[in-house]
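Data block for input23.cif (mmCIF, C-alpha atoms and all ligand atoms):
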data_run
loop_
_atom_site.label_atom_id
_atom_site.label_comp_id
_atom_site.auth_asym_id
_atom_site.auth_seq_id
_atom_site.Cartn_x
_atom_site.Cartn_y
_atom_site.Cartn_z
CA MET Z 1 -6.49 -117.10 -4.10
CA PRO Z 2 -4.06 -118.68 -1.62
CA LYS Z 3 -5.76 -120.69 1.13
CA THR Z 4 -6.99 -118.48 3.91
CA THR Z 5 -5.72 -118.72 7.49
CA GLU Z 6 -8.53 -116.69 9.04
CA THR Z 7 -12.16 -115.77 8.39
CA VAL Z 8 -12.33 -113.58 5.28
CA LEU Z 9 -14.79 -112.29 2.74
CA GLU Z 10 -13.02 -112.54 -0.60
CA LEU Z 11 -14.18 -110.05 -3.24
CA ASN Z 12 -13.52 -110.85 -6.88
CA LEU Z 13 -13.32 -107.58 -8.80
CA THR Z 14 -13.00 -109.39 -12.13
CA ALA Z 15 -16.39 -110.96 -11.49
CA LEU Z 16 -17.80 -107.52 -10.64
CA GLY Z 17 -16.59 -106.28 -14.04
CA ASP Z 18 -18.10 -109.31 -15.78
CA ASN Z 19 -21.48 -108.74 -14.09
CA TYR Z 20 -21.31 -105.04 -14.96
CA ARG Z 21 -20.60 -105.83 -18.63
CA TYR Z 22 -23.37 -108.43 -18.77
CA LEU Z 23 -25.90 -105.95 -17.39
CA LYS Z 24 -24.67 -103.34 -19.89
CA SER Z 25 -25.24 -105.86 -22.68
CA ARG Z 26 -28.87 -106.15 -21.57
CA ILE Z 27 -29.62 -102.44 -21.76
CA LYS Z 28 -29.73 -99.98 -24.62
CA ASP Z 29 -26.63 -97.87 -25.31
CA THR Z 30 -28.60 -94.79 -24.38
CA THR Z 31 -29.77 -96.18 -21.03
CA LYS Z 32 -27.62 -95.30 -18.04
CA LEU Z 33 -26.65 -97.81 -15.39
CA LEU Z 34 -26.87 -96.97 -11.70
CA GLY Z 35 -25.04 -99.25 -9.29
CA VAL Z 36 -26.76 -99.72 -5.94
CA VAL Z 37 -24.08 -99.75 -3.23
CA LYS Z 38 -26.27 -99.37 -0.15
CA ALA Z 39 -25.62 -101.44 2.98
CA PHE Z 40 -21.83 -101.63 2.39
CA ALA Z 41 -22.44 -102.63 -1.21
CA TYR Z 42 -24.66 -105.54 -0.17
CA GLY Z 43 -22.36 -106.52 2.67
CA SER Z 44 -19.12 -106.42 0.67
CA ASP Z 45 -17.32 -103.07 0.92
CA SER Z 46 -18.92 -99.94 -0.48
CA VAL Z 47 -15.70 -97.98 -1.05
CA ILE Z 48 -13.91 -100.81 -2.87
CA ILE Z 49 -16.97 -101.56 -4.98
CA ALA Z 50 -17.83 -97.93 -5.73
CA LYS Z 51 -14.24 -97.23 -6.81
CA GLU Z 52 -14.23 -100.24 -9.09
CA LEU Z 53 -17.62 -99.34 -10.57
CA GLU Z 54 -16.42 -95.78 -11.12
CA ALA Z 55 -13.34 -97.13 -12.92
CA LEU Z 56 -15.61 -99.34 -15.05
CA GLY Z 57 -17.56 -96.24 -16.07
CA ILE Z 58 -20.77 -96.57 -14.08
CA ASP Z 59 -23.09 -93.57 -14.60
CA TYR Z 60 -24.62 -93.32 -11.16
CA LEU Z 61 -24.49 -94.83 -7.69
CA ALA Z 62 -27.19 -95.13 -5.04
CA VAL Z 63 -27.15 -95.58 -1.29
CA ALA Z 64 -30.04 -95.76 1.17
CA TYR Z 65 -28.92 -93.17 3.72
CA VAL Z 66 -26.88 -89.96 3.74
CA ASN Z 67 -24.05 -91.30 5.91
CA GLU Z 68 -23.44 -94.04 3.33
CA GLY Z 69 -23.01 -91.38 0.68
CA VAL Z 70 -20.67 -89.34 2.89
CA VAL Z 71 -18.38 -92.37 3.23
CA LEU Z 72 -18.15 -92.59 -0.56
CA ARG Z 73 -17.46 -88.87 -0.99
CA ASP Z 74 -14.78 -89.06 1.74
CA ALA Z 75 -13.17 -91.84 -0.29
CA GLY Z 76 -13.04 -89.56 -3.34
CA ILE Z 77 -15.96 -90.95 -5.34
CA LYS Z 78 -17.07 -88.31 -7.88
CA THR Z 79 -19.94 -90.18 -9.57
CA PRO Z 80 -23.45 -88.78 -8.92
CA ILE Z 81 -24.97 -90.49 -5.88
CA LEU Z 82 -28.71 -90.88 -5.33
CA VAL Z 83 -29.79 -91.25 -1.70
CA LEU Z 84 -32.88 -93.45 -1.74
CA HIS Z 85 -34.21 -92.72 1.72
CA PRO Z 86 -32.60 -89.59 3.14
CA GLN Z 87 -33.67 -88.44 6.58
CA SER Z 88 -34.47 -84.74 6.77
CA GLU Z 89 -32.06 -84.13 9.68
CA ASN Z 90 -29.28 -84.86 7.19
CA PHE Z 91 -30.40 -82.63 4.30
CA GLU Z 92 -27.69 -80.04 4.96
CA ILE Z 93 -24.94 -82.64 4.90
CA LEU Z 94 -26.51 -84.17 1.80
CA ILE Z 95 -26.23 -80.81 0.02
CA ASP Z 96 -22.70 -80.13 1.33
CA ARG Z 97 -21.55 -83.47 -0.10
CA CYS Z 98 -23.35 -83.11 -3.45
CA LEU Z 99 -25.63 -86.09 -2.92
CA GLU Z 100 -28.98 -86.26 -4.73
CA PRO Z 101 -32.06 -86.92 -2.61
CA SER Z 102 -35.04 -89.06 -3.41
CA LEU Z 103 -38.03 -86.91 -2.44
CA TYR Z 104 -41.09 -89.06 -1.93
CA SER Z 105 -43.76 -87.07 -0.08
CA GLU Z 106 -45.10 -83.55 0.42
CA ARG Z 107 -43.51 -83.37 3.85
CA VAL Z 108 -40.08 -84.34 2.54
CA LEU Z 109 -40.32 -82.16 -0.58
CA GLN Z 110 -41.23 -79.05 1.40
CA ARG Z 111 -38.60 -79.75 4.01
CA PHE Z 112 -35.92 -80.18 1.36
CA ILE Z 113 -36.87 -76.99 -0.48
CA LYS Z 114 -36.69 -75.11 2.82
CA VAL Z 115 -33.21 -76.42 3.69
CA ALA Z 116 -31.89 -75.95 0.15
CA SER Z 117 -33.20 -72.41 -0.12
CA LYS Z 118 -31.69 -71.52 3.26
CA LYS Z 119 -28.42 -72.77 1.80
CA LYS Z 120 -29.00 -70.54 -1.25
CA GLN Z 121 -29.18 -73.41 -3.71
CA VAL Z 122 -30.40 -72.92 -7.26
CA ASN Z 123 -31.59 -75.87 -9.37
CA TYR Z 124 -30.33 -78.42 -6.82
CA PRO Z 125 -30.75 -81.83 -8.54
CA VAL Z 126 -33.39 -84.10 -7.01
CA HIS Z 127 -35.21 -87.32 -7.94
CA LEU Z 128 -38.96 -87.58 -7.28
CA LYS Z 129 -40.17 -91.01 -6.30
CA PHE Z 130 -43.64 -92.27 -7.19
CA ASN Z 131 -45.55 -95.09 -5.60
CA THR Z 132 -46.99 -97.29 -8.34
CA GLY Z 133 -47.91 -100.29 -6.21
CA LEU Z 134 -45.13 -101.23 -3.82
CA ASN Z 135 -46.72 -99.02 -1.17
CA ARG Z 136 -43.44 -98.34 0.54
CA LEU Z 137 -42.21 -94.84 -0.37
CA GLY Z 138 -43.44 -92.45 -3.02
CA PHE Z 139 -45.90 -89.78 -4.06
CA ASN Z 140 -49.19 -91.05 -5.40
CA GLU Z 141 -50.50 -90.23 -8.85
CA SER Z 142 -53.19 -88.00 -7.32
CA GLU Z 143 -50.54 -85.61 -5.99
CA VAL Z 144 -49.13 -84.67 -9.40
CA ASN Z 145 -50.89 -81.30 -9.78
CA LYS Z 146 -49.88 -80.14 -6.32
CA ILE Z 147 -46.25 -81.15 -6.89
CA VAL Z 148 -46.14 -79.38 -10.23
CA SER Z 149 -47.40 -76.10 -8.80
CA GLU Z 150 -44.82 -76.30 -6.00
CA LEU Z 151 -42.02 -77.02 -8.45
CA ASN Z 152 -43.05 -74.22 -10.76
CA ALA Z 153 -43.00 -71.83 -7.81
CA THR Z 154 -39.35 -72.46 -6.90
CA SER Z 155 -35.96 -72.37 -8.59
CA THR Z 156 -34.25 -73.88 -5.54
CA ILE Z 157 -34.50 -77.44 -6.79
CA LYS Z 158 -34.63 -79.05 -10.20
CA VAL Z 159 -36.23 -82.44 -10.75
CA ILE Z 160 -33.74 -84.31 -12.91
CA TYR Z 161 -35.32 -87.75 -12.60
CA LEU Z 162 -38.70 -89.25 -11.82
CA PHE Z 163 -38.57 -92.80 -10.59
CA SER Z 164 -40.54 -95.70 -9.20
CA HIS Z 165 -39.84 -99.22 -7.97
CA LEU Z 166 -41.29 -102.55 -9.08
CA ALA Z 167 -42.80 -104.74 -6.37
CA ALA Z 168 -42.34 -108.18 -7.96
CA SER Z 169 -40.06 -107.78 -10.98
CA GLU Z 170 -38.55 -111.27 -10.51
CA ASP Z 171 -41.90 -113.01 -10.38
CA LEU Z 172 -43.49 -113.59 -13.79
CA THR Z 173 -46.72 -114.80 -12.19
CA GLU Z 174 -47.08 -111.12 -11.25
CA LYS Z 175 -46.40 -109.92 -14.79
CA ASP Z 176 -49.77 -108.16 -15.10
CA PHE Z 177 -49.13 -106.29 -11.88
CA SER Z 178 -45.65 -105.22 -12.99
CA GLU Z 179 -47.00 -104.10 -16.37
CA SER Z 180 -49.65 -102.04 -14.59
CA GLN Z 181 -46.94 -100.41 -12.44
CA ILE Z 182 -44.96 -99.56 -15.58
CA SER Z 183 -48.00 -98.10 -17.28
CA THR Z 184 -48.96 -96.05 -14.20
CA PHE Z 185 -45.41 -94.71 -14.09
CA LYS Z 186 -45.56 -93.75 -17.76
CA THR Z 187 -48.84 -91.90 -17.21
CA ILE Z 188 -47.44 -90.01 -14.23
CA ALA Z 189 -44.24 -89.15 -16.10
CA LYS Z 190 -46.13 -87.85 -19.12
CA ASN Z 191 -48.47 -85.83 -16.96
CA ILE Z 192 -45.61 -84.19 -15.04
CA SER Z 193 -43.38 -83.64 -18.04
CA ASN Z 194 -46.21 -81.83 -19.85
CA LYS Z 195 -46.43 -79.36 -17.01
CA LEU Z 196 -42.75 -78.66 -16.35
CA SER Z 197 -40.48 -76.60 -18.57
CA ASP Z 198 -37.51 -78.96 -18.05
CA GLN Z 199 -38.22 -82.61 -18.87
CA PRO Z 200 -37.08 -84.96 -16.09
CA LYS Z 201 -35.55 -88.29 -17.11
CA LEU Z 202 -36.92 -91.61 -15.81
CA HIS Z 203 -35.73 -94.74 -14.01
CA MET Z 204 -37.67 -97.71 -12.70
CA SER Z 205 -36.07 -101.16 -13.05
CA ASN Z 206 -33.95 -103.04 -10.52
CA THR Z 207 -31.88 -106.07 -11.59
CA SER Z 208 -34.86 -108.37 -12.20
CA GLY Z 209 -36.67 -105.54 -13.97
CA ILE Z 210 -33.72 -105.15 -16.35
CA LEU Z 211 -33.90 -108.85 -17.19
CA ASN Z 212 -37.68 -109.29 -17.32
CA TYR Z 213 -38.95 -105.93 -18.58
CA PRO Z 214 -36.61 -104.63 -21.31
CA ASP Z 215 -39.27 -102.09 -22.34
CA ALA Z 216 -39.13 -100.46 -18.91
CA GLN Z 217 -35.51 -99.36 -19.08
CA PHE Z 218 -36.34 -95.70 -19.69
CA ASP Z 219 -33.29 -93.43 -19.24
CA MET Z 220 -31.58 -95.37 -16.45
CA VAL Z 221 -31.80 -98.69 -14.59
CA ARG Z 222 -30.74 -99.51 -11.04
CA SER Z 223 -28.88 -102.72 -10.35
CA GLY Z 224 -27.76 -104.05 -7.01
CA ILE Z 225 -27.89 -107.82 -6.69
CA GLY Z 226 -26.91 -108.42 -10.33
CA LEU Z 227 -23.63 -106.54 -9.90
CA TYR Z 228 -22.88 -108.76 -6.90
CA GLY Z 229 -23.50 -111.79 -9.07
CA PHE Z 230 -26.97 -113.07 -8.27
CA SER Z 231 -30.03 -113.35 -10.45
CA ASN Z 232 -33.44 -113.92 -8.94
CA ILE Z 233 -34.33 -115.52 -12.27
CA PRO Z 234 -32.81 -119.03 -12.19
CA GLU Z 235 -32.29 -119.29 -15.99
CA GLU Z 236 -30.20 -116.10 -15.86
CA GLN Z 237 -27.86 -117.20 -13.06
CA LYS Z 238 -25.36 -118.61 -15.58
CA ASN Z 239 -24.72 -115.06 -16.81
CA PHE Z 240 -23.68 -113.79 -13.38
CA THR Z 241 -20.74 -114.61 -11.12
CA PRO Z 242 -21.05 -114.04 -7.36
CA ILE Z 243 -18.28 -111.65 -6.34
CA ALA Z 244 -18.09 -112.64 -2.66
CA SER Z 245 -16.86 -115.83 -1.02
CA LEU Z 246 -16.98 -116.25 2.74
CA LYS Z 247 -14.22 -118.48 4.03
CA SER Z 248 -13.03 -119.58 7.42
CA VAL Z 249 -10.66 -122.20 8.81
CA ILE Z 250 -10.78 -125.15 11.15
CA SER Z 251 -9.49 -124.03 14.56
CA GLN Z 252 -9.84 -127.36 16.34
CA ILE Z 253 -11.07 -130.88 15.72
CA HIS Z 254 -12.82 -132.99 18.38
CA THR Z 255 -13.90 -136.58 18.50
CA VAL Z 256 -17.29 -136.72 20.18
CA LYS Z 257 -18.62 -139.92 21.73
CA LYS Z 258 -22.14 -141.24 21.47
CA GLY Z 259 -24.36 -139.34 23.95
CA ASP Z 260 -21.98 -136.36 24.22
CA SER Z 261 -23.29 -132.91 23.37
CA VAL Z 262 -21.87 -130.09 21.29
CA GLY Z 263 -22.23 -126.38 22.00
CA TYR Z 264 -24.50 -124.17 24.09
CA ASN Z 265 -27.64 -125.56 25.66
CA ARG Z 266 -26.39 -128.99 24.62
CA ALA Z 267 -28.55 -128.48 21.53
CA PHE Z 268 -26.72 -131.25 19.65
CA LYS Z 269 -26.53 -134.70 21.24
CA SER Z 270 -24.56 -137.22 19.32
CA GLY Z 271 -26.21 -140.46 18.30
CA GLY Z 272 -22.82 -142.05 17.68
CA ALA Z 273 -19.11 -141.35 17.60
CA ILE Z 274 -18.52 -138.34 15.36
CA VAL Z 275 -15.78 -135.88 14.48
CA THR Z 276 -16.47 -132.15 14.80
CA ALA Z 277 -14.60 -129.03 13.80
CA THR Z 278 -14.86 -125.59 15.37
CA ILE Z 279 -14.58 -122.63 13.02
CA PRO Z 280 -14.07 -118.96 13.96
CA ILE Z 281 -17.25 -117.43 12.60
CA GLY Z 282 -20.52 -116.96 14.45
CA HIS Z 283 -23.73 -115.00 14.62
CA ALA Z 284 -21.79 -111.80 15.35
CA ASP Z 285 -20.20 -112.24 11.94
CA GLY Z 286 -23.55 -112.60 10.24
CA ILE Z 287 -24.26 -116.31 10.37
CA SER Z 288 -27.70 -116.33 11.92
CA ARG Z 289 -28.50 -118.82 14.67
CA ALA Z 290 -31.20 -120.04 12.30
CA TYR Z 291 -28.44 -121.89 10.38
CA GLY Z 292 -27.63 -123.99 13.44
CA ASN Z 293 -28.81 -127.48 14.22
CA GLY Z 294 -28.31 -128.88 10.74
CA LYS Z 295 -30.13 -126.17 8.74
CA GLY Z 296 -26.94 -124.81 7.20
CA TRP Z 297 -23.67 -126.33 6.12
CA VAL Z 298 -20.17 -125.34 5.01
CA MET Z 299 -17.78 -126.96 2.54
CA VAL Z 300 -14.66 -128.70 3.80
CA GLN Z 301 -12.41 -130.30 1.17
CA GLY Z 302 -15.30 -130.05 -1.27
CA VAL Z 303 -17.67 -131.97 1.01
CA LYS Z 304 -20.75 -130.61 2.81
CA ALA Z 305 -20.27 -130.40 6.58
CA PRO Z 306 -23.49 -129.55 8.47
CA ILE Z 307 -23.51 -126.93 11.22
CA ILE Z 308 -24.36 -128.74 14.44
CA GLY Z 309 -25.78 -127.35 17.67
CA ASN Z 310 -26.37 -123.65 18.17
CA VAL Z 311 -24.29 -121.10 16.28
CA CYS Z 312 -22.29 -119.20 18.94
CA MET Z 313 -21.41 -115.51 18.82
CA ASP Z 314 -17.88 -116.01 17.48
CA MET Z 315 -17.77 -119.65 16.48
CA MET Z 316 -19.75 -122.54 15.17
CA MET Z 317 -19.26 -126.28 15.10
CA ILE Z 318 -19.60 -128.53 12.09
CA ASN Z 319 -19.79 -132.26 11.62
CA ILE Z 320 -16.77 -133.43 9.62
CA THR Z 321 -17.20 -137.14 10.21
CA GLY Z 322 -15.77 -139.00 7.21
CA ILE Z 323 -14.18 -135.90 5.67
CA VAL Z 324 -10.42 -136.12 5.24
CA CYS Z 325 -9.26 -132.82 6.71
CA LYS Z 326 -7.09 -131.30 9.41
CA GLU Z 327 -6.87 -128.27 11.67
CA GLY Z 328 -5.98 -125.19 9.61
CA ASP Z 329 -7.94 -126.41 6.57
CA GLU Z 330 -10.42 -124.08 4.89
CA ALA Z 331 -14.13 -124.16 5.62
CA ILE Z 332 -16.11 -122.33 2.95
CA ILE Z 333 -19.40 -120.88 4.14
CA PHE Z 334 -20.36 -119.72 0.68
CA GLY Z 335 -18.48 -119.46 -2.57
CA LYS Z 336 -18.38 -120.96 -6.04
CA GLN Z 337 -19.53 -124.45 -5.08
CA ASN Z 338 -22.00 -123.52 -2.37
CA LYS Z 339 -23.69 -120.29 -3.38
CA ALA Z 340 -25.00 -117.79 -0.86
CA ASP Z 341 -28.56 -117.94 -2.19
CA THR Z 342 -28.62 -121.74 -1.82
CA LEU Z 343 -27.43 -121.52 1.78
CA ALA Z 344 -29.98 -118.78 2.53
CA GLU Z 345 -32.81 -120.92 1.16
CA ASN Z 346 -32.29 -123.37 4.01
CA ILE Z 347 -33.68 -120.84 6.46
CA GLU Z 348 -36.29 -119.36 4.06
CA SER Z 349 -34.04 -116.38 3.48
CA ILE Z 350 -32.53 -114.78 0.39
CA SER Z 351 -29.04 -113.91 -0.87
CA TYR Z 352 -29.60 -110.23 -0.01
CA GLU Z 353 -30.10 -110.96 3.70
CA LEU Z 354 -27.17 -113.33 4.06
CA LEU Z 355 -24.78 -111.01 2.18
CA THR Z 356 -25.75 -107.81 3.99
CA ALA Z 357 -25.48 -109.51 7.38
CA ILE Z 358 -21.72 -110.17 7.03
CA SER Z 359 -20.38 -107.98 9.80
CA GLN Z 360 -17.68 -105.37 9.47
CA ARG Z 361 -15.44 -107.47 11.71
CA VAL Z 362 -14.86 -109.95 8.88
CA LYS Z 363 -11.75 -109.01 6.94
CA ARG Z 364 -12.30 -108.13 3.28
CA VAL Z 365 -9.73 -109.41 0.78
CA VAL Z 366 -9.81 -108.20 -2.80
CA TYR Z 367 -8.53 -110.09 -5.81
CA ARG Z 368 -8.82 -110.18 -9.58
CA LYS Z 369 -8.70 -113.14 -11.86
C1 LIG O 1 -32.17 -101.83 -3.31
C2 LIG O 1 -32.87 -101.17 -4.44
C3 LIG O 1 -32.56 -101.50 -5.79
C4 LIG O 1 -31.66 -102.65 -6.17
O1 LIG O 1 -32.43 -103.82 -6.34
P1 LIG O 1 -31.75 -105.20 -6.85
O2 LIG O 1 -32.84 -106.19 -6.81
O3 LIG O 1 -30.67 -105.49 -5.84
O4 LIG O 1 -31.20 -104.93 -8.20
C5 LIG O 1 -33.13 -100.73 -6.79
N1 LIG O 1 -33.99 -99.73 -6.50
C6 LIG O 1 -34.34 -99.42 -5.23
C7 LIG O 1 -35.31 -98.31 -5.00
C8 LIG O 1 -33.81 -100.13 -4.17
O5 LIG O 1 -34.17 -99.82 -2.91
#
Can you turn what I pasted into structure tokens?
Amino acid sequence: MPKTTETVLELNLTALGDNYRYLKSRIKDTTKLLGVVKAFAYGSDSVIIAKELEALGIDYLAVAYVNEGVVLRDAGIKTPILVLHPQSENFEILIDRCLEPSLYSERVLQRFIKVASKKKQVNYPVHLKFNTGLNRLGFNESEVNKIVSELNATSTIKVIYLFSHLAASEDLTEKDFSESQISTFKTIAKNISNKLSDQPKLHMSNTSGILNYPDAQFDMVRSGIGLYGFSNIPEEQKNFTPIASLKSVISQIHTVKKGDSVGYNRAFKSGGAIVTATIPIGHADGISRAYGNGKGWVMVQGVKAPIIGNVCMDMMMINITGIVCKEGDEAIIFGKQNKADTLAENIESISYELLTAISQRVKRVVYRK
């Protein structure tokens, strides 16, 4: 990539392909791969990523909300799209755009059947979600009989997949808990399948589940963070390449005397003569104020430059004392050398939060290499 002259999020589509192929190598040939592209494809760009995944041959996509799926359909994406948490006000649009809902409770199931039957649907494909321990969304095991009788009484919808979600798939100290979730899911699936004429397929694992629980792949797996190049399992990180780099530039350099302050509320007071640089990225772009006052840093000419004072809305200041650099030089917030998950750790956060916070105002630049 040529050096940037403004704040950009660079997206490496070659790395996306590499991550995709690595994940494929970790699953059986018969297991499908679903790419999770919710939240602007983890803060990158959902249309660019979904198109690339479609070109790579991904089997399925998932978003959290209906409007995210509509954006993909508007862009011409034809791959099946699961909507993980559809809101019932949007069920009609969901059907119009051929999106597949996750139905996770009696209330939502009944509501969806009502809307779909009003729209004269027959065998509309749906996924039923079961709660096996995360206690977030999902039917409980005790509801199986009721669900089955409702399903057998309608031809409006057809359950094509049953699914569940692991609560701690990255954490092997919770292996027993994860195994118990998997076994509960198997019991539920067997119980339902025995009572329905058409056998639904199954999916359960997220990225860490794919890596840690190869026996829980079932018919499909769902990967988000792995496609974007992060592994929550440190030993596996070498097999993934982060696709996104967040870069900015030095707008201005100041020499600050001992006792002078930098930024709002005079949060930084200099203990000596220092050199600072101002860069055009702030909390409105997704760099939380929590990174201010030395918690976070950026790379300038390959050297760590700490963020000093409070992060402003559109800018932040860094300490470049001793770094040979000039106005117009790049400042890399995260990239190859300084990974997003490492930066996030400084404020007790995770890659997911830092990536998804990158605001839409930051220009996306795509490249391959
Ligand atoms: C977001 C999400 C995923 C993706 O998880 P990763 O850890 O990013 O692979 C999978 N399944 C569900 C239900 C999700 O909400």
- [ ] Pick out the residues sitting within 7 Å of Ile113 of chain Z, and hand them over as a ChimeraX atom specification; count only C-alpha atoms, and ignore anything fewer than 3 positions along from it in its own chain.
- [x] /Z:109-110,116-117,156-157
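Checking Z:Lys51, Z:Lys326, Z:Lys336, Z:Lys129 one by one against ligand LIG 1 (chain O), counting only C-alpha atoms and all ligand atoms, you find the shortest gap at Z:Lys129.
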Task: Expected answer as a PyMOL selection string: residues within 6 Å of ligand LIG 1 (chain O), only C-alpha atoms and all ligand atoms - done: chain Z and resi 36+165+206-207+222-226
Just give me the residues with any atom within 8 Å of (-17.2, -118.2, 18.2), file coordinates, counting only C-alpha atoms, written as a CSV table (one decimal) with C-alpha atoms, keeping the file's coordinate frame.
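The file below, part27.csv, is the result:
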chain,number,residue,atom,x,y,z
Z,279,ILE,CA,-14.6,-122.6,13.0
Z,280,PRO,CA,-14.1,-119.0,14.0
Z,281,ILE,CA,-17.2,-117.4,12.6
Z,282,GLY,CA,-20.5,-117.0,14.4
Z,311,VAL,CA,-24.3,-121.1,16.3
Z,312,CYS,CA,-22.3,-119.2,18.9
Z,313,MET,CA,-21.4,-115.5,18.8
Z,314,ASP,CA,-17.9,-116.0,17.5
Z,315,MET,CA,-17.8,-119.6,16.5
Z,316,MET,CA,-19.8,-122.5,15.2
Taking all listed atoms of segment 285-303 of chain Z, build the axis-aligned box, pad each of the six sides by 3 Å, then write its centre and edge lengths in Å to one decimal as JSON.
{"center_x": -21.8, "center_y": -122.1, "center_z": 6.7, "size_x": 24.8, "size_y": 25.7, "size_z": 21.9}
Open item on the list: Can you pull out the residues contacting Asp96 of chain Z? Cut-off 12 Å, using all atoms listed in the file, and skip same-chain residues under 6 positions away; I want them as a ChimeraX atom specification.
Closed with: /Z:66,69-70,73-74,90,115-116,119-121,124
TODO: Would you mind reading off the distance between atom CA of Leu151 of chain Z and atom CA of Leu33 of chain Z, one decimal, in Å?
DONE: 26.8 Å
Open item on the list: Set the distance at 8 Å and use all atoms listed in the file: which residues neighbour Arg361 of chain Z once local chain neighbours fewer than 2 positions away are removed? I'd like the list as a PyMOL selection string.
Closed with: chain Z and resi 285+359+363
- [ ] Dump as a ChimeraX atom specification all residues having an atom at most 12 Å from (-24.3, -114.8, -11.3), computed in the file's coordinates with all atoms listed in the file.
- [x] /Z:15-20,22-23,207,225-244,335-336,339-341,351
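Counting only C-alpha atoms, Gly271 of chain Z has the following residues at most 10 Å away, ignoring those fewer than 3 positions along the same chain: Val256, Lys257, Lys258, Gly259, Asp260, Ser261, Phe268 and Ile274 of chain Z.
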TODO: Skip Thr278 of chain Z itself and residues of its chain fewer than 4 positions away, then list as a list in words all residues within 7 Å of it, counting only C-alpha atoms.
DONE: Ile250, Ser251, Gln252, Ile253, Met315, Met316, Met317 and Ile318 of chain Z
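Each of Z:Ile48, Z:Thr187, Z:Leu103, Z:Asn145 was compared to Thr132 of chain Z using only C-alpha atoms, and Z:Thr187 turns out to be the nearest.
As for atom CA of Tyr291 of chain Z and atom CA of Ile320 of chain Z, they are spaced 16.4 Å apart.
Distances from Z:Thr173, Z:Asn310, Z:Ser349, Z:Gln337 to Val262 of chain Z were compared using all atoms listed in the file, and the smallest one belongs to Z:Asn310.
Nearest to Gln301 of chain Z of all the residues Z:Val324, Z:Val37, Z:Val362, Z:Ile287 is Z:Val324, based on all atoms listed in the file.
Considering all atoms listed in the file, the residue among Z:Ile58, Z:Tyr213, Z:Lys247, Z:Arg289 positioned nearest to Asp176 of chain Z is Z:Tyr213.
Taking only C-alpha atoms into account, Gly57 of chain Z lies nearest to Z:Thr79 out of the set Z:Thr31, Z:Ser245, Z:Asn131, Z:Thr79.
Atom pair atom CA of Met220 of chain Z / atom CA of Ser205 of chain Z has a distance of 8.1 Å (rounded to one decimal).
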For segment 200-209 of chain Z, supply N, CA, C and O atoms and format the output as a PDB file, in the frame of the given file.
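That gives us part-v9.pdb:
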ATOM      1  N   PRO Z 200     -37.873 -84.023 -16.888  1.00  0.00           N
ATOM      2  CA  PRO Z 200     -37.080 -84.960 -16.090  1.00  0.00           C
ATOM      3  C   PRO Z 200     -36.878 -86.270 -16.850  1.00  0.00           C
ATOM      4  O   PRO Z 200     -37.720 -86.650 -17.674  1.00  0.00           O
ATOM      5  N   LYS Z 201     -35.779 -86.954 -16.566  1.00  0.00           N
ATOM      6  CA  LYS Z 201     -35.550 -88.290 -17.110  1.00  0.00           C
ATOM      7  C   LYS Z 201     -36.195 -89.303 -16.150  1.00  0.00           C
ATOM      8  O   LYS Z 201     -36.686 -88.937 -15.074  1.00  0.00           O
ATOM      9  N   LEU Z 202     -36.166 -90.587 -16.555  1.00  0.00           N
ATOM     10  CA  LEU Z 202     -36.920 -91.610 -15.810  1.00  0.00           C
ATOM     11  C   LEU Z 202     -36.074 -92.833 -15.481  1.00  0.00           C
ATOM     12  O   LEU Z 202     -35.232 -93.243 -16.274  1.00  0.00           O
ATOM     13  N   HIS Z 203     -36.304 -93.416 -14.302  1.00  0.00           N
ATOM     14  CA  HIS Z 203     -35.730 -94.740 -14.010  1.00  0.00           C
ATOM     15  C   HIS Z 203     -36.692 -95.558 -13.154  1.00  0.00           C
ATOM     16  O   HIS Z 203     -37.431 -95.016 -12.335  1.00  0.00           O
ATOM     17  N   MET Z 204     -36.712 -96.854 -13.384  1.00  0.00           N
ATOM     18  CA  MET Z 204     -37.670 -97.710 -12.700  1.00  0.00           C
ATOM     19  C   MET Z 204     -37.136 -99.092 -12.322  1.00  0.00           C
ATOM     20  O   MET Z 204     -37.401 -99.588 -11.230  1.00  0.00           O
ATOM     21  N   SER Z 205     -36.384 -99.736 -13.233  1.00  0.00           N
ATOM     22  CA  SER Z 205     -36.070-101.160 -13.050  1.00  0.00           C
ATOM     23  C   SER Z 205     -34.908-101.437 -12.103  1.00  0.00           C
ATOM     24  O   SER Z 205     -33.883-100.776 -12.173  1.00  0.00           O
ATOM     25  N   ASN Z 206     -35.077-102.459 -11.278  1.00  0.00           N
ATOM     26  CA  ASN Z 206     -33.950-103.040 -10.520  1.00  0.00           C
ATOM     27  C   ASN Z 206     -33.397-104.193 -11.372  1.00  0.00           C
ATOM     28  O   ASN Z 206     -33.767-104.353 -12.537  1.00  0.00           O
ATOM     29  N   THR Z 207     -32.519-105.019 -10.793  1.00  0.00           N
ATOM     30  CA  THR Z 207     -31.880-106.070 -11.590  1.00  0.00           C
ATOM     31  C   THR Z 207     -32.903-106.955 -12.305  1.00  0.00           C
ATOM     32  O   THR Z 207     -32.817-107.172 -13.520  1.00  0.00           O
ATOM     33  N   SER Z 208     -33.889-107.474 -11.571  1.00  0.00           N
ATOM     34  CA  SER Z 208     -34.860-108.370 -12.200  1.00  0.00           C
ATOM     35  C   SER Z 208     -35.713-107.639 -13.220  1.00  0.00           C
ATOM     36  O   SER Z 208     -36.133-108.232 -14.223  1.00  0.00           O
ATOM     37  N   GLY Z 209     -35.944-106.355 -12.999  1.00  0.00           N
ATOM     38  CA  GLY Z 209     -36.670-105.540 -13.970  1.00  0.00           C
ATOM     39  C   GLY Z 209     -35.883-105.418 -15.271  1.00  0.00           C
ATOM     40  O   GLY Z 209     -36.452-105.492 -16.366  1.00  0.00           O
TER      41      GLY Z 209
END
